[in-house]
>>> print(open('model30.cif').read())   # mmCIF, C-alpha atoms
data_query
#
loop_
_atom_site.label_atom_id
_atom_site.label_comp_id
_atom_site.auth_asym_id
_atom_site.auth_seq_id
_atom_site.Cartn_x
_atom_site.Cartn_y
_atom_site.Cartn_z
CA MET H 17 0.00 0.00 0.00
CA ILE H 18 1.30 3.44 -0.94
CA SER H 19 0.04 6.44 0.96
CA MET H 20 0.55 9.84 -0.59
CA THR H 21 1.24 11.50 2.73
CA ASN H 22 1.41 8.98 5.55
CA LEU H 23 3.57 6.14 6.76
CA LEU H 24 1.39 3.06 7.16
CA ASN H 25 1.56 -0.13 9.16
CA PRO H 26 2.16 -2.66 6.38
CA LYS H 27 -0.06 -5.27 8.00
CA THR H 28 -3.05 -3.23 9.14
CA GLY H 29 -2.83 -0.12 6.99
CA ALA H 30 -3.04 1.96 10.16
CA ILE H 31 -1.43 5.40 9.97
CA LEU H 32 1.84 5.48 11.91
CA GLY H 33 2.84 9.04 11.14
CA GLU H 34 3.18 11.75 8.59
CA LEU H 35 5.50 11.10 5.68
CA PRO H 36 7.83 14.05 5.08
CA ASP H 37 7.95 15.51 1.59
CA THR H 38 11.63 14.66 1.45
CA ILE H 39 11.00 10.90 1.51
CA THR H 40 11.04 9.53 -2.01
CA THR H 41 11.31 5.78 -1.50
CA ILE H 42 10.19 3.19 1.04
CA VAL H 43 11.79 -0.23 1.23
CA GLU H 44 10.29 -2.84 3.53
CA VAL H 45 11.29 -6.42 4.23
CA HIS H 46 8.81 -8.89 5.68
CA ASP H 47 9.14 -12.43 6.92
CA GLU H 48 7.67 -14.55 4.14
CA ALA H 49 5.69 -16.87 6.40
CA SER H 50 4.41 -14.56 9.11
CA GLY H 51 4.35 -11.23 7.29
CA VAL H 52 6.12 -9.61 10.23
CA LEU H 53 8.01 -6.46 9.31
CA VAL H 54 11.75 -7.08 9.59
CA SER H 55 13.26 -3.94 8.11
CA ARG H 56 12.17 -0.57 6.80
CA LYS H 57 14.22 2.10 5.06
CA LEU H 58 12.97 5.61 4.35
CA MET H 59 15.04 7.23 1.63
CA ALA H 60 15.42 10.72 0.20
CA GLY H 61 16.81 10.26 -3.26
CA GLU H 62 19.69 7.86 -2.74
CA GLU H 63 20.20 8.79 0.90
CA ILE H 64 18.86 6.63 3.74
CA VAL H 65 17.11 9.09 6.06
CA GLU H 66 15.74 6.59 8.55
CA GLU H 67 16.37 2.91 8.98
CA TRP H 68 14.52 0.54 11.27
CA ASN H 69 14.91 -3.15 11.81
CA SER H 70 13.35 -5.67 14.17
CA LYS H 71 16.39 -5.51 16.46
CA THR H 72 16.04 -1.77 16.91
CA LYS H 73 14.43 -0.93 20.23
CA ASP H 74 13.75 2.78 19.95
CA GLU H 75 11.09 2.55 17.25
CA GLU H 76 9.06 -0.45 18.32
CA SER H 77 5.88 1.50 17.64
CA THR H 78 6.41 0.88 13.95
CA ASN H 79 6.24 -2.87 14.50
CA GLU H 80 2.84 -3.72 15.94
CA ASN H 81 3.33 -7.44 16.34
CA MET B 10 5.40 18.72 5.41
CA GLY B 11 6.84 21.67 3.59
CA SER B 12 10.43 20.52 3.45
CA GLN B 13 12.32 20.65 0.21
CA VAL B 14 11.02 17.92 -2.05
CA LYS B 15 13.65 15.73 -3.63
CA ASN B 16 13.40 14.00 -6.97
CA PRO B 17 12.71 10.27 -6.83
CA PRO B 18 15.70 8.08 -7.68
CA SER B 19 15.97 6.56 -11.12
CA LEU B 20 14.58 3.13 -11.93
CA VAL B 21 18.14 1.92 -12.46
CA TYR B 22 19.00 2.97 -8.94
CA LEU B 23 15.82 1.39 -7.53
CA GLN B 24 16.67 -1.89 -9.24
CA SER B 25 20.19 -1.84 -7.81
CA LEU B 26 18.72 -1.10 -4.40
CA LEU B 27 16.40 -4.06 -4.77
CA ASP B 28 19.27 -6.33 -5.72
CA THR B 29 21.09 -5.31 -2.57
CA VAL B 30 18.05 -5.98 -0.39
CA TYR B 31 17.45 -9.35 -2.03
CA GLN B 32 21.01 -10.36 -1.22
CA ALA B 33 20.62 -9.31 2.39
CA PHE B 34 17.21 -10.99 2.80
CA PRO B 35 17.10 -13.87 0.32
CA THR B 36 14.19 -15.70 1.97
CA HIS B 37 12.05 -12.67 2.82
CA GLN B 38 9.33 -10.75 1.07
CA VAL B 39 10.45 -7.30 -0.06
CA GLN B 40 8.31 -4.25 -0.77
CA LEU B 41 9.67 -1.20 -2.53
CA SER B 42 7.72 1.80 -3.70
CA THR B 43 8.31 5.41 -4.49
CA ALA B 44 6.58 7.59 -1.93
CA LEU B 45 6.61 10.49 -4.34
CA PRO B 46 5.49 10.11 -7.92
CA ASN B 47 8.17 8.66 -10.12
CA ALA B 48 6.83 10.81 -12.94
CA SER B 49 4.00 13.25 -13.52
CA SER B 50 2.69 15.58 -16.16
CA GLY B 51 1.13 19.00 -15.96
CA THR B 52 0.23 18.62 -12.35
CA THR B 53 -0.01 20.90 -9.36
CA TRP B 54 0.55 18.15 -6.85
CA GLU B 55 -0.82 19.60 -3.65
CA LEU B 56 -2.01 18.52 -0.25
CA PHE B 57 -5.68 18.30 0.61
CA GLY B 58 -7.42 17.59 3.88
CA THR B 59 -6.05 17.67 7.38
CA TRP B 60 -3.61 15.06 8.58
CA PRO B 61 -4.27 12.28 9.36
CA PHE B 62 -7.85 12.20 8.06
CA ASN B 63 -8.91 12.60 4.43
CA ASN B 64 -5.32 13.34 3.71
CA GLY B 65 -3.70 13.03 0.33
CA ARG B 66 -2.64 14.75 -2.84
CA TYR B 67 -4.48 15.97 -5.86
CA THR B 68 -3.48 16.64 -9.42
CA ALA B 69 -4.31 19.51 -11.74
CA ALA B 70 -7.76 19.72 -13.31
CA THR B 71 -6.50 19.44 -16.88
CA GLN B 72 -7.27 16.51 -19.14
CA ASP B 73 -4.69 13.73 -19.49
CA VAL B 74 -2.72 14.81 -16.43
CA TYR B 75 -1.00 11.76 -14.99
CA ILE B 76 1.05 10.63 -12.05
CA GLU B 77 3.13 7.51 -11.95
CA TYR B 78 4.66 5.46 -9.14
CA ALA B 79 7.27 2.72 -9.22
CA MET B 80 6.55 -0.26 -7.03
CA LEU B 81 7.63 -3.83 -6.61
CA LEU B 82 4.94 -6.35 -7.52
CA ARG B 83 5.07 -10.13 -7.48
CA ALA B 84 3.78 -12.09 -10.45
CA GLY B 85 0.24 -13.33 -9.95
CA THR B 86 -3.31 -12.11 -9.55
CA HIS B 87 -3.93 -9.03 -7.43
CA THR B 88 -6.73 -6.91 -6.09
CA PHE B 89 -6.04 -3.21 -6.63
CA THR B 90 -7.34 -0.82 -3.99
CA PHE B 91 -7.72 2.93 -4.26
CA ASP B 92 -8.56 5.41 -1.52
CA GLY B 93 -9.23 9.06 -2.17
CA LEU B 94 -11.88 11.72 -2.42
CA LYS B 95 -14.71 12.29 -4.85
CA ALA B 96 -15.36 15.90 -5.82
CA SER B 97 -17.31 18.05 -8.25
CA ASP B 98 -14.14 18.86 -10.20
CA ALA B 99 -12.72 15.34 -10.28
CA GLY B 100 -12.20 13.16 -13.34
CA ILE B 101 -12.31 9.48 -14.10
CA ALA B 102 -9.00 7.83 -13.23
CA THR B 103 -7.61 5.34 -15.70
CA VAL B 104 -5.13 3.04 -13.97
CA SER B 105 -2.39 1.27 -15.89
CA ILE B 106 0.57 -0.98 -15.13
CA ASP B 107 3.50 -0.51 -17.48
CA GLY B 108 1.16 1.09 -20.00
CA SER B 109 -1.57 -1.56 -19.93
CA ASN B 110 -4.88 -0.29 -18.59
CA LEU B 111 -6.52 -2.35 -15.86
CA GLY B 112 -9.77 -2.32 -17.81
CA THR B 113 -11.85 -0.70 -15.10
CA THR B 114 -11.79 3.02 -14.45
CA ILE B 115 -12.56 4.89 -11.23
CA ASP B 116 -15.09 7.72 -11.47
CA LEU B 117 -14.09 10.30 -8.88
CA TYR B 118 -16.95 12.71 -9.60
CA ASN B 119 -19.50 13.55 -6.94
CA GLY B 120 -21.54 16.71 -6.46
CA SER B 121 -20.05 17.13 -3.00
CA THR B 122 -16.83 15.88 -1.45
CA ALA B 123 -17.02 12.26 -0.37
CA VAL B 124 -14.54 9.56 0.61
CA ILE B 125 -14.10 6.79 -1.94
CA HIS B 126 -12.67 3.30 -1.50
CA SER B 127 -12.55 1.40 -4.75
CA GLU B 128 -11.31 -2.09 -5.62
CA ILE B 129 -10.46 -3.71 -8.93
CA THR B 130 -10.13 -7.48 -8.69
CA GLY B 131 -8.42 -9.92 -11.00
CA VAL B 132 -5.47 -7.71 -11.90
CA THR B 133 -2.79 -9.88 -13.49
CA VAL B 134 0.90 -9.10 -13.08
CA ALA B 135 2.95 -11.25 -15.43
CA THR B 136 6.41 -10.87 -13.96
CA SER B 137 7.85 -10.10 -10.54
CA GLY B 138 9.83 -6.90 -10.30
CA LEU B 139 9.53 -3.13 -10.49
CA HIS B 140 6.44 -1.90 -12.28
CA LEU B 141 5.14 1.56 -13.14
CA VAL B 142 1.62 2.27 -11.92
CA ARG B 143 0.11 5.29 -13.64
CA PHE B 144 -3.09 7.22 -12.94
CA THR B 145 -4.40 9.33 -15.81
CA GLY B 146 -7.31 11.76 -15.77
CA ALA B 147 -8.22 10.91 -19.35
CA THR B 148 -11.98 11.28 -19.14
CA LYS B 149 -14.57 12.75 -16.81
CA ASN B 150 -18.17 12.48 -15.84
CA VAL B 151 -20.31 14.80 -17.96
CA SER B 152 -21.29 16.69 -14.80
CA SER B 153 -17.73 17.23 -13.58
CA SER B 154 -15.91 20.53 -14.07
CA GLY B 155 -12.43 19.00 -14.24
CA TYR B 156 -10.13 16.01 -14.34
CA LYS B 157 -8.59 16.17 -10.86
CA MET B 158 -7.57 12.96 -9.13
CA LYS B 159 -7.63 13.23 -5.35
CA MET B 160 -5.68 10.33 -3.93
CA SER B 161 -4.91 9.20 -0.39
CA ALA B 162 -3.45 5.75 -0.96
CA PHE B 163 -3.40 2.80 -3.29
CA GLY B 164 -2.05 -0.72 -3.21
CA PHE B 165 -2.09 -4.24 -4.54
CA THR B 166 -2.99 -7.36 -2.58
CA ARG B 167 -1.83 -10.59 -4.15
CA THR B 168 -4.73 -13.04 -4.25
CA GLY B 169 -3.35 -15.85 -6.36
CA ALA B 170 -0.43 -17.22 -8.32
#
>>> encode(input="model30.cif", output="structure tokens")
Amino acid sequence: MISMTNLLNPKTGAILGELPDTITTIVEVHDEASGVLVSRKLMAGEEIVEEWNSKTKDEESTNEN
Amino acid sequence: MGSQVKNPPSLVYLQSLLDTVYQAFPTHQVQLSTALPNASSGTTWELFGTWPFNNGRYTAATQDVYIEYAMLLRAGTHTFTFDGLKASDAGIATVSIDGSNLGTTIDLYNGSTAVIHSEITGVTVATSGLHLVRFTGATKNVSSSGYKMKMSAFGFTRTGA
């Protein structure tokens, strides 16, 4: 799901936050079997602005599992 | 919002990025999409609504305006979903993947503003990889005053091989 303005929970579609205009690309990695989000990169052009993975503790709100 | 908007990366770069992710996560499912349009034409791409409700972007009111996103799709059958707003100056959105129309259009005209959730089932994607999803305001309802497309979100749910 692509939102024009918001960052969404990939499983539920719930709005997690506002997507800055500077973000051009979203890359997400999910576990094939469970669908659990493993990694998410928010990029501005070719620059990684924000990176989250399942081992990161400070952004657990983006992984509602 | 309001920060300086950057240009989306090229498709060549997106493909190289995908290759890197595939190598790092060979057994996982990967999603990649451009958050900003990969391409557009004749559009004033502006915000409507108040975050986080009825939020999104709308295009210019001119005929044949289009916006295009790059996204990773797996081969198979999908259900396409579209969320946006109907309006008195909105057109009929023609949706295409890599230049092939889905066959069903989305009429975004309504006399007053109203939320729309639309689904198109049975969308076939032949090959897995990056695809270009384009929305074109090619036609309009006879009662509409324009061709605007007011979009909040869209996506594909894979329903079969």
>>> closest_atom_pairs(input="model30.cif", of="chain B", to="chain H", cutoff="10 Å", atoms="only C-alpha atoms", output="Markdown table")
| residue | atom | partner | partner_atom | distance |
| --- | --- | --- | --- | --- |
| B:Met10 | CA | H:Pro36 | CA | 5.3 |
| B:Gly11 | CA | H:Asp37 | CA | 6.6 |
| B:Ser12 | CA | H:Asp37 | CA | 5.9 |
| B:Gln13 | CA | H:Thr38 | CA | 6.2 |
| B:Val14 | CA | H:Thr38 | CA | 4.8 |
| B:Lys15 | CA | H:Thr38 | CA | 5.6 |
| B:Asn16 | CA | H:Gly61 | CA | 6.3 |
| B:Pro17 | CA | H:Thr40 | CA | 5.2 |
| B:Pro18 | CA | H:Gly61 | CA | 5.1 |
| B:Ser19 | CA | H:Gly61 | CA | 8.7 |
| B:Tyr22 | CA | H:Glu62 | CA | 7.9 |
| B:Leu23 | CA | H:Thr41 | CA | 8.7 |
| B:Leu26 | CA | H:Val43 | CA | 9.0 |
| B:Leu27 | CA | H:Val43 | CA | 8.5 |
| B:Val30 | CA | H:Val45 | CA | 8.2 |
| B:Tyr31 | CA | H:Val45 | CA | 9.3 |
| B:Ala33 | CA | H:Val45 | CA | 9.9 |
| B:Phe34 | CA | H:Val45 | CA | 7.6 |
| B:Thr36 | CA | H:Glu48 | CA | 7.0 |
| B:His37 | CA | H:Glu48 | CA | 4.9 |
| B:Gln38 | CA | H:His46 | CA | 5.0 |
| B:Val39 | CA | H:Val45 | CA | 4.5 |
| B:Gln40 | CA | H:Glu44 | CA | 4.9 |
| B:Leu41 | CA | H:Val43 | CA | 4.4 |
| B:Ser42 | CA | H:Ile42 | CA | 5.5 |
| B:Thr43 | CA | H:Thr41 | CA | 4.3 |
| B:Ala44 | CA | H:Thr40 | CA | 4.9 |
| B:Leu45 | CA | H:Thr40 | CA | 5.1 |
| B:Pro46 | CA | H:Thr40 | CA | 8.1 |
| B:Asn47 | CA | H:Thr40 | CA | 8.6 |
| B:Leu56 | CA | H:Thr21 | CA | 8.3 |
| B:Phe57 | CA | H:Thr21 | CA | 9.9 |
| B:Trp60 | CA | H:Glu34 | CA | 7.6 |
| B:Pro61 | CA | H:Ile31 | CA | 7.5 |
| B:Phe62 | CA | H:Ile31 | CA | 9.5 |
| B:Asn64 | CA | H:Thr21 | CA | 6.9 |
| B:Gly65 | CA | H:Met20 | CA | 5.4 |
| B:Arg66 | CA | H:Met20 | CA | 6.3 |
| B:Tyr67 | CA | H:Met20 | CA | 9.5 |
| B:Tyr78 | CA | H:Ile18 | CA | 9.1 |
| B:Ala79 | CA | H:Thr41 | CA | 9.2 |
| B:Met80 | CA | H:Ile18 | CA | 8.9 |
| B:Leu81 | CA | H:Val43 | CA | 9.6 |
| B:Phe89 | CA | H:Met17 | CA | 9.5 |
| B:Thr90 | CA | H:Met17 | CA | 8.4 |
| B:Phe91 | CA | H:Met17 | CA | 9.3 |
| B:Asp92 | CA | H:Ser19 | CA | 9.0 |
| B:Gly93 | CA | H:Met20 | CA | 9.9 |
| B:Met160 | CA | H:Met20 | CA | 7.1 |
| B:Ser161 | CA | H:Met20 | CA | 5.5 |
| B:Ala162 | CA | H:Ser19 | CA | 4.0 |
| B:Phe163 | CA | H:Ile18 | CA | 5.3 |
| B:Gly164 | CA | H:Met17 | CA | 3.9 |
| B:Phe165 | CA | H:Met17 | CA | 6.6 |
| B:Thr166 | CA | H:Met17 | CA | 8.4 |
>>> atom_distance(input="model30.cif", atom1="CA of Val142 (chain B)", atom2="CA of Gly58 (chain B)")
23.8 Å
>>> residues_near_point(input="model30.cif", point="(-9.4, 19.2, -13.4)", cutoff="12 Å", atoms="all atoms listed in the file", output="number ranges by chain")
B: 51-54, 67-75, 96-102, 117-118, 145-150, 153-159
>>> axis_aligned_box(input="model30.cif", around="region 124-139 of chain B", padding_each_side="3 Å", output="JSON")
{"center_x": -2.4, "center_y": -0.8, "center_z": -7.4, "size_x": 30.4, "size_y": 26.8, "size_z": 22.0}
>>> closest_residue(input="model30.cif", among="B:Val151, B:Asp116, B:Ser109, B:His87", to="Ile129 (chain B)", atoms="all atoms listed in the file")
B:His87
>>> atom_distance(input="model30.cif", atom1="CA of Ser152 (chain B)", atom2="CA of Ser49 (chain B)")
25.6 Å
>>> atom_distance(input="model30.cif", atom1="CA of Ala30 (chain H)", atom2="CA of Ser137 (chain B)")
26.3 Å
>>> residues_around(input="model30.cif", residues="Gly112 (chain B)", least_positions_apart="4", cutoff="12 Å", atoms="all atoms listed in the file", output="JSON, numbers by chain")
{"B": [89, 102, 103, 104, 105, 106, 108, 129, 130, 131, 132, 133]}
>>> residues_around(input="model30.cif", residues="Gly85 (chain B)", least_positions_apart="5", cutoff="9 Å", atoms="only C-alpha atoms", output="ChimeraX atom specification")
/B:132-137,167-170
>>> build_atoms(input="model30.cif", residues="region 36-47 of chain B", atoms="all heavy atoms", output="PDB file, in the frame of the given file")
ATOM      1  N   THR B  36      15.386 -14.873   1.751  1.00  0.00           N
ATOM      2  CA  THR B  36      14.190 -15.700   1.970  1.00  0.00           C
ATOM      3  C   THR B  36      13.008 -14.856   2.419  1.00  0.00           C
ATOM      4  O   THR B  36      11.992 -15.393   2.851  1.00  0.00           O
ATOM      5  CB  THR B  36      14.474 -16.768   3.034  1.00  0.00           C
ATOM      6  OG1 THR B  36      14.781 -16.119   4.280  1.00  0.00           O
ATOM      7  CG2 THR B  36      15.635 -17.652   2.615  1.00  0.00           C
ATOM      8  N   HIS B  37      13.112 -13.542   2.332  1.00  0.00           N
ATOM      9  CA  HIS B  37      12.050 -12.670   2.820  1.00  0.00           C
ATOM     10  C   HIS B  37      11.288 -12.033   1.662  1.00  0.00           C
ATOM     11  O   HIS B  37      11.726 -12.024   0.519  1.00  0.00           O
ATOM     12  CB  HIS B  37      12.629 -11.576   3.719  1.00  0.00           C
ATOM     13  CG  HIS B  37      13.087 -12.073   5.053  1.00  0.00           C
ATOM     14  ND1 HIS B  37      14.149 -12.926   5.200  1.00  0.00           N
ATOM     15  CD2 HIS B  37      12.615 -11.843   6.302  1.00  0.00           C
ATOM     16  CE1 HIS B  37      14.324 -13.197   6.485  1.00  0.00           C
ATOM     17  NE2 HIS B  37      13.403 -12.553   7.177  1.00  0.00           N
ATOM     18  N   GLN B  38      10.134 -11.493   2.033  1.00  0.00           N
ATOM     19  CA  GLN B  38       9.330 -10.750   1.070  1.00  0.00           C
ATOM     20  C   GLN B  38       9.740  -9.278   1.147  1.00  0.00           C
ATOM     21  O   GLN B  38       9.855  -8.701   2.230  1.00  0.00           O
ATOM     22  CB  GLN B  38       7.847 -10.900   1.405  1.00  0.00           C
ATOM     23  CG  GLN B  38       6.932 -10.238   0.405  1.00  0.00           C
ATOM     24  CD  GLN B  38       5.473 -10.490   0.737  1.00  0.00           C
ATOM     25  OE1 GLN B  38       5.143 -11.377   1.510  1.00  0.00           O
ATOM     26  NE2 GLN B  38       4.600  -9.706   0.151  1.00  0.00           N
ATOM     27  N   VAL B  39       9.961  -8.680  -0.002  1.00  0.00           N
ATOM     28  CA  VAL B  39      10.450  -7.300  -0.060  1.00  0.00           C
ATOM     29  C   VAL B  39       9.389  -6.410  -0.711  1.00  0.00           C
ATOM     30  O   VAL B  39       8.744  -6.808  -1.691  1.00  0.00           O
ATOM     31  CB  VAL B  39      11.760  -7.211  -0.869  1.00  0.00           C
ATOM     32  CG1 VAL B  39      12.247  -5.773  -0.965  1.00  0.00           C
ATOM     33  CG2 VAL B  39      12.821  -8.094  -0.235  1.00  0.00           C
ATOM     34  N   GLN B  40       9.195  -5.240  -0.159  1.00  0.00           N
ATOM     35  CA  GLN B  40       8.310  -4.250  -0.770  1.00  0.00           C
ATOM     36  C   GLN B  40       9.123  -2.983  -1.030  1.00  0.00           C
ATOM     37  O   GLN B  40       9.843  -2.517  -0.162  1.00  0.00           O
ATOM     38  CB  GLN B  40       7.128  -3.908   0.143  1.00  0.00           C
ATOM     39  CG  GLN B  40       6.156  -5.052   0.308  1.00  0.00           C
ATOM     40  CD  GLN B  40       4.961  -4.655   1.162  1.00  0.00           C
ATOM     41  OE1 GLN B  40       4.823  -3.515   1.559  1.00  0.00           O
ATOM     42  NE2 GLN B  40       4.105  -5.611   1.446  1.00  0.00           N
ATOM     43  N   LEU B  41       9.009  -2.462  -2.207  1.00  0.00           N
ATOM     44  CA  LEU B  41       9.670  -1.200  -2.530  1.00  0.00           C
ATOM     45  C   LEU B  41       8.698  -0.352  -3.328  1.00  0.00           C
ATOM     46  O   LEU B  41       8.040  -0.832  -4.249  1.00  0.00           O
ATOM     47  CB  LEU B  41      10.947  -1.455  -3.346  1.00  0.00           C
ATOM     48  CG  LEU B  41      11.797  -0.216  -3.693  1.00  0.00           C
ATOM     49  CD1 LEU B  41      13.268  -0.593  -3.818  1.00  0.00           C
ATOM     50  CD2 LEU B  41      11.332   0.479  -4.962  1.00  0.00           C
ATOM     51  N   SER B  42       8.597   0.901  -2.948  1.00  0.00           N
ATOM     52  CA  SER B  42       7.720   1.800  -3.700  1.00  0.00           C
ATOM     53  C   SER B  42       8.242   3.214  -3.574  1.00  0.00           C
ATOM     54  O   SER B  42       8.922   3.563  -2.609  1.00  0.00           O
ATOM     55  CB  SER B  42       6.289   1.735  -3.165  1.00  0.00           C
ATOM     56  OG  SER B  42       6.265   2.028  -1.786  1.00  0.00           O
ATOM     57  N   THR B  43       7.952   4.010  -4.573  1.00  0.00           N
ATOM     58  CA  THR B  43       8.310   5.410  -4.490  1.00  0.00           C
ATOM     59  C   THR B  43       7.190   6.149  -3.761  1.00  0.00           C
ATOM     60  O   THR B  43       6.026   6.038  -4.111  1.00  0.00           O
ATOM     61  CB  THR B  43       8.503   6.022  -5.899  1.00  0.00           C
ATOM     62  OG1 THR B  43       7.427   5.615  -6.740  1.00  0.00           O
ATOM     63  CG2 THR B  43       9.806   5.562  -6.498  1.00  0.00           C
ATOM     64  N   ALA B  44       7.561   6.854  -2.717  1.00  0.00           N
ATOM     65  CA  ALA B  44       6.580   7.590  -1.930  1.00  0.00           C
ATOM     66  C   ALA B  44       6.102   8.825  -2.663  1.00  0.00           C
ATOM     67  O   ALA B  44       4.971   9.275  -2.499  1.00  0.00           O
ATOM     68  CB  ALA B  44       7.183   7.974  -0.581  1.00  0.00           C
ATOM     69  N   LEU B  45       6.987   9.384  -3.465  1.00  0.00           N
ATOM     70  CA  LEU B  45       6.610  10.490  -4.340  1.00  0.00           C
ATOM     71  C   LEU B  45       6.433   9.938  -5.740  1.00  0.00           C
ATOM     72  O   LEU B  45       6.993   8.911  -6.086  1.00  0.00           O
ATOM     73  CB  LEU B  45       7.710  11.555  -4.348  1.00  0.00           C
ATOM     74  CG  LEU B  45       7.889  12.356  -3.070  1.00  0.00           C
ATOM     75  CD1 LEU B  45       9.110  13.242  -3.183  1.00  0.00           C
ATOM     76  CD2 LEU B  45       6.650  13.181  -2.787  1.00  0.00           C
ATOM     77  N   PRO B  46       5.647  10.598  -6.564  1.00  0.00           N
ATOM     78  CA  PRO B  46       5.490  10.110  -7.920  1.00  0.00           C
ATOM     79  C   PRO B  46       6.838   9.967  -8.623  1.00  0.00           C
ATOM     80  O   PRO B  46       7.703  10.834  -8.502  1.00  0.00           O
ATOM     81  CB  PRO B  46       4.637  11.181  -8.594  1.00  0.00           C
ATOM     82  CG  PRO B  46       3.926  11.855  -7.487  1.00  0.00           C
ATOM     83  CD  PRO B  46       4.860  11.815  -6.317  1.00  0.00           C
ATOM     84  N   ASN B  47       6.968   8.874  -9.314  1.00  0.00           N
ATOM     85  CA  ASN B  47       8.170   8.660 -10.120  1.00  0.00           C
ATOM     86  C   ASN B  47       8.169   9.576 -11.333  1.00  0.00           C
ATOM     87  O   ASN B  47       9.208   9.970 -11.845  1.00  0.00           O
ATOM     88  CB  ASN B  47       8.230   7.197 -10.533  1.00  0.00           C
ATOM     89  CG  ASN B  47       9.449   6.870 -11.344  1.00  0.00           C
ATOM     90  OD1 ASN B  47       9.387   6.878 -12.558  1.00  0.00           O
ATOM     91  ND2 ASN B  47      10.563   6.629 -10.683  1.00  0.00           N
TER      92      ASN B  47
END
